[in-house]
Each structure stands twice: as C-alpha cells, then as structure tokens.
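**Q** This is the content of upload.pdb (PDB, C-alpha atoms):
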```pdb
ATOM      1  CA  MET Q  16      16.205 -44.509 -38.780  1.00  0.00           C
ATOM      2  CA  THR Q  17      13.011 -44.060 -36.819  1.00  0.00           C
ATOM      3  CA  ARG Q  18      10.943 -40.881 -36.935  1.00  0.00           C
ATOM      4  CA  ILE Q  19      11.842 -40.054 -33.307  1.00  0.00           C
ATOM      5  CA  GLY Q  20      15.546 -40.546 -34.091  1.00  0.00           C
ATOM      6  CA  SER Q  21      15.320 -38.138 -37.058  1.00  0.00           C
ATOM      7  CA  LEU Q  22      13.528 -35.509 -34.973  1.00  0.00           C
ATOM      8  CA  THR Q  23      16.203 -35.766 -32.298  1.00  0.00           C
ATOM      9  CA  ILE Q  24      18.958 -35.243 -34.870  1.00  0.00           C
ATOM     10  CA  VAL Q  25      17.145 -32.269 -36.428  1.00  0.00           C
ATOM     11  CA  ALA Q  26      16.484 -30.705 -33.017  1.00  0.00           C
ATOM     12  CA  THR Q  27      20.112 -31.221 -32.002  1.00  0.00           C
ATOM     13  CA  ALA Q  28      21.321 -29.665 -35.255  1.00  0.00           C
ATOM     14  CA  LEU Q  29      19.032 -26.656 -34.833  1.00  0.00           C
ATOM     15  CA  LEU Q  30      20.145 -26.107 -31.229  1.00  0.00           C
ATOM     16  CA  ALA Q  31      23.794 -26.415 -32.183  1.00  0.00           C
ATOM     17  CA  THR Q  32      23.450 -23.681 -34.798  1.00  0.00           C
ATOM     18  CA  ALA Q  33      21.213 -21.369 -32.749  1.00  0.00           C
ATOM     19  CA  PRO Q  34      22.891 -18.439 -30.996  1.00  0.00           C
ATOM     20  CA  LEU Q  35      23.844 -19.139 -27.398  1.00  0.00           C
ATOM     21  CA  ALA Q  36      21.440 -16.456 -26.133  1.00  0.00           C
ATOM     22  CA  ALA Q  37      18.539 -18.233 -27.801  1.00  0.00           C
ATOM     23  CA  GLN Q  38      19.530 -21.498 -26.143  1.00  0.00           C
ATOM     24  CA  THR Q  39      19.716 -19.991 -22.670  1.00  0.00           C
ATOM     25  CA  ALA Q  40      16.832 -17.527 -22.836  1.00  0.00           C
ATOM     26  CA  PRO Q  41      14.861 -17.454 -19.590  1.00  0.00           C
ATOM     27  CA  ALA Q  42      11.396 -18.872 -19.489  1.00  0.00           C
ATOM     28  CA  PRO Q  43       8.631 -16.306 -19.853  1.00  0.00           C
ATOM     29  CA  THR Q  44       7.502 -14.765 -16.574  1.00  0.00           C
ATOM     30  CA  LEU Q  45       3.985 -15.525 -15.549  1.00  0.00           C
ATOM     31  CA  THR Q  46       1.904 -13.109 -13.554  1.00  0.00           C
ATOM     32  CA  PRO Q  47       1.008 -14.851 -10.304  1.00  0.00           C
ATOM     33  CA  VAL Q  48      -2.644 -15.234  -9.512  1.00  0.00           C
ATOM     34  CA  VAL Q  49      -3.320 -13.667  -6.127  1.00  0.00           C
ATOM     35  CA  ALA Q  50      -6.336 -14.847  -4.239  1.00  0.00           C
ATOM     36  CA  ALA Q  51      -8.641 -12.154  -2.971  1.00  0.00           C
ATOM     37  CA  PRO Q  52      -8.212 -11.564   0.748  1.00  0.00           C
ATOM     38  CA  ALA Q  53     -10.831 -13.047   3.000  1.00  0.00           C
ATOM     39  CA  PRO Q  54     -13.482 -10.580   4.098  1.00  0.00           C
ATOM     40  CA  LEU Q  55     -13.084  -9.164   7.585  1.00  0.00           C
ATOM     41  CA  SER Q  56     -15.267 -10.408  10.370  1.00  0.00           C
ATOM     42  CA  PRO Q  57     -17.542  -7.748  11.898  1.00  0.00           C
ATOM     43  CA  ALA Q  58     -15.296  -7.717  14.993  1.00  0.00           C
ATOM     44  CA  ASP Q  59     -12.128  -7.198  12.923  1.00  0.00           C
ATOM     45  CA  GLU Q  60     -13.831  -4.525  10.844  1.00  0.00           C
ATOM     46  CA  ALA Q  61     -14.798  -2.643  14.018  1.00  0.00           C
ATOM     47  CA  ARG Q  62     -11.272  -3.073  15.435  1.00  0.00           C
ATOM     48  CA  PHE Q  63      -9.533  -1.715  12.328  1.00  0.00           C
ATOM     49  CA  LEU Q  64     -11.989   1.179  12.008  1.00  0.00           C
ATOM     50  CA  ALA Q  65     -11.317   2.113  15.640  1.00  0.00           C
ATOM     51  CA  LEU Q  66      -7.552   1.860  15.114  1.00  0.00           C
ATOM     52  CA  GLY Q  67      -7.720   4.046  11.992  1.00  0.00           C
ATOM     53  CA  LYS Q  68      -9.726   6.709  13.779  1.00  0.00           C
ATOM     54  CA  THR Q  69      -7.347   6.641  16.739  1.00  0.00           C
ATOM     55  CA  TYR Q  70      -4.218   6.846  14.570  1.00  0.00           C
ATOM     56  CA  THR Q  71      -5.722   9.741  12.600  1.00  0.00           C
ATOM     57  CA  ARG Q  72      -6.609  11.616  15.795  1.00  0.00           C
ATOM     58  CA  TRP Q  73      -3.071  11.078  17.117  1.00  0.00           C
ATOM     59  CA  PHE Q  74      -1.600  12.323  13.836  1.00  0.00           C
ATOM     60  CA  LEU Q  75      -3.757  15.436  13.686  1.00  0.00           C
ATOM     61  CA  THR Q  76      -3.185  16.316  17.356  1.00  0.00           C
ATOM     62  CA  GLY Q  77       0.596  15.821  17.293  1.00  0.00           C
ATOM     63  CA  LYS Q  78       0.802  12.680  19.432  1.00  0.00           C
ATOM     64  CA  ALA Q  79       3.906  11.445  17.633  1.00  0.00           C
ATOM     65  CA  ASP Q  80       5.093   9.176  20.457  1.00  0.00           C
ATOM     66  CA  SER Q  81       1.789   7.296  20.596  1.00  0.00           C
ATOM     67  CA  LEU Q  82       1.603   6.983  16.814  1.00  0.00           C
ATOM     68  CA  MET Q  83       5.231   5.865  16.503  1.00  0.00           C
ATOM     69  CA  ALA Q  84       4.482   2.951  18.843  1.00  0.00           C
ATOM     70  CA  ALA Q  85       1.815   1.789  16.365  1.00  0.00           C
ATOM     71  CA  ILE Q  86       4.098   1.924  13.296  1.00  0.00           C
ATOM     72  CA  ALA Q  87       5.875  -1.245  12.136  1.00  0.00           C
ATOM     73  CA  PRO Q  88       9.709  -0.981  12.398  1.00  0.00           C
ATOM     74  CA  GLU Q  89      10.299  -0.935   8.614  1.00  0.00           C
ATOM     75  CA  MET Q  90       7.803   1.888   8.175  1.00  0.00           C
ATOM     76  CA  ALA Q  91       9.204   3.796  11.153  1.00  0.00           C
ATOM     77  CA  GLU Q  92      12.589   3.744   9.441  1.00  0.00           C
ATOM     78  CA  LYS Q  93      11.065   4.966   6.139  1.00  0.00           C
ATOM     79  CA  VAL Q  94       9.424   7.985   7.809  1.00  0.00           C
ATOM     80  CA  GLY Q  95      12.662   8.928   9.551  1.00  0.00           C
ATOM     81  CA  GLY Q  96      11.754   7.815  13.048  1.00  0.00           C
ATOM     82  CA  ILE Q  97      10.039  10.042  15.555  1.00  0.00           C
ATOM     83  CA  ASP Q  98      11.674  13.195  14.161  1.00  0.00           C
ATOM     84  CA  GLY Q  99      10.502  12.425  10.617  1.00  0.00           C
ATOM     85  CA  LEU Q 100       7.003  11.704  11.869  1.00  0.00           C
ATOM     86  CA  ARG Q 101       6.887  15.016  13.761  1.00  0.00           C
ATOM     87  CA  GLU Q 102       8.119  16.830  10.659  1.00  0.00           C
ATOM     88  CA  GLY Q 103       5.345  15.216   8.597  1.00  0.00           C
ATOM     89  CA  MET Q 104       2.747  16.235  11.178  1.00  0.00           C
ATOM     90  CA  ASN Q 105       4.021  19.815  11.112  1.00  0.00           C
ATOM     91  CA  GLN Q 106       4.003  19.944   7.301  1.00  0.00           C
ATOM     92  CA  VAL Q 107       0.381  18.781   7.159  1.00  0.00           C
ATOM     93  CA  ALA Q 108      -0.617  21.368   9.778  1.00  0.00           C
ATOM     94  CA  GLU Q 109       1.213  24.140   7.885  1.00  0.00           C
ATOM     95  CA  LYS Q 110      -0.049  23.260   4.399  1.00  0.00           C
ATOM     96  CA  ALA Q 111      -3.538  21.920   5.111  1.00  0.00           C
ATOM     97  CA  GLY Q 112      -4.412  23.854   8.247  1.00  0.00           C
ATOM     98  CA  VAL Q 113      -6.946  22.574  10.738  1.00  0.00           C
ATOM     99  CA  GLU Q 114      -9.558  19.961   9.956  1.00  0.00           C
ATOM    100  CA  THR Q 115     -13.034  21.477   9.944  1.00  0.00           C
ATOM    101  CA  LYS Q 116     -15.079  18.466   8.905  1.00  0.00           C
ATOM    102  CA  VAL Q 117     -14.651  14.714   8.511  1.00  0.00           C
ATOM    103  CA  THR Q 118     -16.206  13.784   5.175  1.00  0.00           C
ATOM    104  CA  GLU Q 119     -15.439  10.074   4.973  1.00  0.00           C
ATOM    105  CA  GLU Q 120     -13.985   7.253   7.031  1.00  0.00           C
ATOM    106  CA  LYS Q 121     -13.898   3.712   5.706  1.00  0.00           C
ATOM    107  CA  LEU Q 122     -11.916   0.543   5.353  1.00  0.00           C
ATOM    108  CA  THR Q 123     -10.834  -0.381   1.858  1.00  0.00           C
ATOM    109  CA  ARG Q 124      -8.056  -2.258   0.113  1.00  0.00           C
ATOM    110  CA  ARG Q 125      -5.331  -1.204  -2.260  1.00  0.00           C
ATOM    111  CA  LYS Q 126      -3.258  -3.877  -3.952  1.00  0.00           C
ATOM    112  CA  GLY Q 127      -4.887  -6.341  -1.571  1.00  0.00           C
ATOM    113  CA  GLN Q 128      -3.695  -4.530   1.546  1.00  0.00           C
ATOM    114  CA  LEU Q 129      -6.181  -3.373   4.140  1.00  0.00           C
ATOM    115  CA  GLN Q 130      -6.244   0.368   4.653  1.00  0.00           C
ATOM    116  CA  PHE Q 131      -8.195   2.896   6.641  1.00  0.00           C
ATOM    117  CA  TRP Q 132      -9.229   5.944   4.618  1.00  0.00           C
ATOM    118  CA  HIS Q 133      -9.942   9.269   6.370  1.00  0.00           C
ATOM    119  CA  ALA Q 134     -10.976  12.262   4.256  1.00  0.00           C
ATOM    120  CA  GLY Q 135     -11.633  15.686   5.659  1.00  0.00           C
ATOM    121  CA  ALA Q 136     -12.046  19.357   4.844  1.00  0.00           C
ATOM    122  CA  PHE Q 137      -9.192  21.566   6.081  1.00  0.00           C
ATOM    123  CA  THR Q 138      -8.935  25.330   6.461  1.00  0.00           C
ATOM    124  CA  GLU Q 139      -6.109  25.765   3.931  1.00  0.00           C
ATOM    125  CA  LEU Q 140      -7.379  23.335   1.265  1.00  0.00           C
ATOM    126  CA  GLU Q 141     -10.005  25.062  -0.801  1.00  0.00           C
ATOM    127  CA  GLY Q 142     -11.760  22.911  -3.364  1.00  0.00           C
ATOM    128  CA  ASP Q 143     -10.230  19.644  -2.184  1.00  0.00           C
ATOM    129  CA  GLU Q 144     -10.026  17.412   0.854  1.00  0.00           C
ATOM    130  CA  LEU Q 145      -7.065  15.845   2.604  1.00  0.00           C
ATOM    131  CA  VAL Q 146      -6.931  12.058   2.697  1.00  0.00           C
ATOM    132  CA  ILE Q 147      -4.946  10.209   5.350  1.00  0.00           C
ATOM    133  CA  ARG Q 148      -4.502   6.492   4.678  1.00  0.00           C
ATOM    134  CA  TRP Q 149      -3.148   3.931   7.134  1.00  0.00           C
ATOM    135  CA  ILE Q 150      -2.127   0.579   5.646  1.00  0.00           C
ATOM    136  CA  PHE Q 151      -2.471  -2.167   8.243  1.00  0.00           C
ATOM    137  CA  GLU Q 152      -0.655  -5.357   9.067  1.00  0.00           C
ATOM    138  CA  ASP Q 153      -2.810  -8.172  10.468  1.00  0.00           C
ATOM    139  CA  ASP Q 154      -1.887  -7.193  14.023  1.00  0.00           C
ATOM    140  CA  GLY Q 155      -3.009  -3.575  13.528  1.00  0.00           C
ATOM    141  CA  LYS Q 156       0.485  -2.122  13.136  1.00  0.00           C
ATOM    142  CA  ILE Q 157       0.897   0.518  10.428  1.00  0.00           C
ATOM    143  CA  SER Q 158       2.920  -0.767   7.474  1.00  0.00           C
ATOM    144  CA  GLY Q 159       2.253   2.160   5.152  1.00  0.00           C
ATOM    145  CA  ILE Q 160       1.092   5.770   5.254  1.00  0.00           C
ATOM    146  CA  GLY Q 161      -0.427   7.913   2.538  1.00  0.00           C
ATOM    147  CA  ILE Q 162      -1.330  11.573   2.961  1.00  0.00           C
ATOM    148  CA  GLY Q 163      -2.414  13.970   0.253  1.00  0.00           C
ATOM    149  CA  PRO Q 164      -5.225  15.708  -1.586  1.00  0.00           C
ATOM    150  CA  LYS Q 165      -8.227  13.496  -2.299  1.00  0.00           C
ATOM    151  CA  SER Q 166      -8.048  14.466  -5.966  1.00  0.00           C
ATOM    152  CA  GLN Q 167      -4.620  12.783  -6.148  1.00  0.00           C
ATOM    153  CA  ALA Q 168      -5.313   9.717  -3.987  1.00  0.00           C
ATOM    154  CA  PRO Q 169      -4.453   6.416  -5.686  1.00  0.00           C
ATOM    155  CA  PRO Q 170      -7.351   4.185  -6.712  1.00  0.00           C
ATOM    156  CA  VAL Q 171      -8.510   1.462  -4.374  1.00  0.00           C
ATOM    157  CA  ASP Q 172      -9.218  -2.135  -5.331  1.00  0.00           C
ATOM    158  CA  ALA Q 173     -12.548  -2.818  -6.981  1.00  0.00           C
ATOM    159  CA  PRO Q 174     -15.097  -4.171  -4.518  1.00  0.00           C
TER     160      PRO Q 174
END
```
Please go through the file and, once you have read it, give me the structure as structure tokens.

**A**
Amino acid sequence: MTRIGSLTIVATALLATAPLAAQTAPAPTLTPVVAAPAPLSPADEARFLALGKTYTRWFLTGKADSLMAAIAPEMAEKVGGIDGLREGMNQVAEKAGVETKVTEEKLTRRKGQLQFWHAGAFTELEGDELVIRWIFEDDGKISGIGIGPKSQAPPVDAP
C-alpha cells in the first residue's frame, strides 16, 4: 500500500471514531479587515460641519419637524417618531438647561462612521459638558444620535 493510501485509511478511521460534533464543527470565525474610510474632501467636510451645526441648532431650539426630516427612516423609528424626538428635546432642556457656551464642534469617526460632535456648557450641568453627536449617512441623513455628558461619551476612532 502506498503512503498516501495508508494516510487516507488512518484519516478515515480517525474521522469515523471522532464524535459527530468534532466532525461538523464550524470553521473558526475570522475578524474581517475593514479598510479605513477615505478622507473627506474639503467641500464634504464643510458640508457635514454645516449640517451638524444646523441639526444641533434645530435640536436645541425645538425644531422637531425640521430635524425629523433629516433623520433616516430606521433612526426615526428608533427615536419614536416625531413624538419621541420632541420628548428627547424636552428631557435635554429639563436636565441640562440652556446652553451657555459651545466648547467644541468637530467631525470625527466612531467605528468608521462619520459623526459630528458638538460639546457645550449648559446651565444645569456643573462640572461637565453635554455632547450631542450626529452620525451621518453619505447623503447627510442622520443614522444615529448620541446625547450625554462629555465624561461618558464613547471613544472615537484613532486619527
């Protein structure tokens, strides 16, 4: 018998005696390699900065109808539609108060997604700032929203 024939017999014998779970175990999962997003052009950077500032102003001044038109349908459903958005606006106004100073506005990324980051000092938040984050789709629609104290904001991607 050839060496290849013997190895085939041994392998067949080992597989026949192995537990069924061992024979059908799934292949190990590999972590996909995600390419870094392309940098924004100066025009796109200016456009997304302007959108972020506009959306933040609408949020802080109670323009729920205008803001809802800028939110992607899946996100609109997650926030509870126009009523849920209004409730969120009211909660921020009640808990944080009125913004007294903008401390930071920038574009950044989190998990590869483009986001606008607005941080500000508010009358009812002593010792911390409020951060409002808008996660953008390519067309400028809002696909995610994050609002909370700066001290608890999730980390952004490394530059």

**Q** Any chance you could work out the residue set of the PyMOL selection byres ((chain Q and resi 69) around 12) here, as a PyMOL selection string?

**A** chain Q and resi 62-68+70-76+78+81-82+85+120+131+133+149+155

**Q** Using only C-alpha atoms, find the one residue out of Q:Glu119, Q:Glu144, Q:Asp154, Q:Glu139 that sits nearest to Ser166 of chain Q.

**A**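 For Ser166 of chain Q, the nearest of the given residues is Q:Glu144.
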
**Q** Rounded to one decimal, what separation in Å do you get between atom CA of Glu89 of chain Q and atom CA of Ile147 of chain Q?

**A**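 Atom-to-atom, atom CA of Glu89 of chain Q to atom CA of Ile147 of chain Q, that is 19.2 Å.
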
**Q** At a cut-off of 12 Å, using only C-alpha atoms, what residues contact Pro52 of chain Q? Leave out same-chain residues fewer than 6 positions from it and give the result as number ranges by chain.

**A** Q: 123-129, 153, 172, 174

**Q** Between Q:Pro57, Q:Ala134, Q:Gly77, Q:Pro88, which has the minimum distance to Glu152 of chain Q (counting only C-alpha atoms)?

**A** Q:Pro88

**Q** Mind giving me the straight-line distance from atom CA of Val117 of chain Q to atom CA of Asp143 of chain Q in Å, one decimal?

**A**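 Calculated distance between atom CA of Val117 of chain Q and atom CA of Asp143 of chain Q is 12.6 Å.
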
**Q** Record the distance separating atom CA of Ala79 of chain Q and atom CA of Gly95 of chain Q, expressed in Å with one decimal.

**A**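 Between atom CA of Ala79 of chain Q and atom CA of Gly95 of chain Q the gap works out to 12.2 Å.
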
**Q** Could you name the residues that touch Lys165 of chain Q at 12 Å or less, counting all atoms listed in the file, but leaving out those on the same chain fewer than 4 positions away, as a list in words?

**A** Thr118, Glu119, Trp132, His133, Ala134, Gly135, Ala136, Phe137, Leu140, Glu141, Gly142, Asp143, Glu144, Leu145, Val146, Ile147, Arg148, Gly161, Pro169 and Pro170 of chain Q

**Q** Evaluate the PyMOL selection byres ((chain Q and resi 87) around 9) here and jot the selected residues down as a list in words.

**A**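 Residues picked by the PyMOL selection byres ((chain Q and resi 87) around 9): Met83, Ala84, Ala85, Ile86, Pro88, Glu89, Met90, Ala91, Glu92, Glu152, Lys156, Ile157, Ser158 and Gly159 of chain Q.
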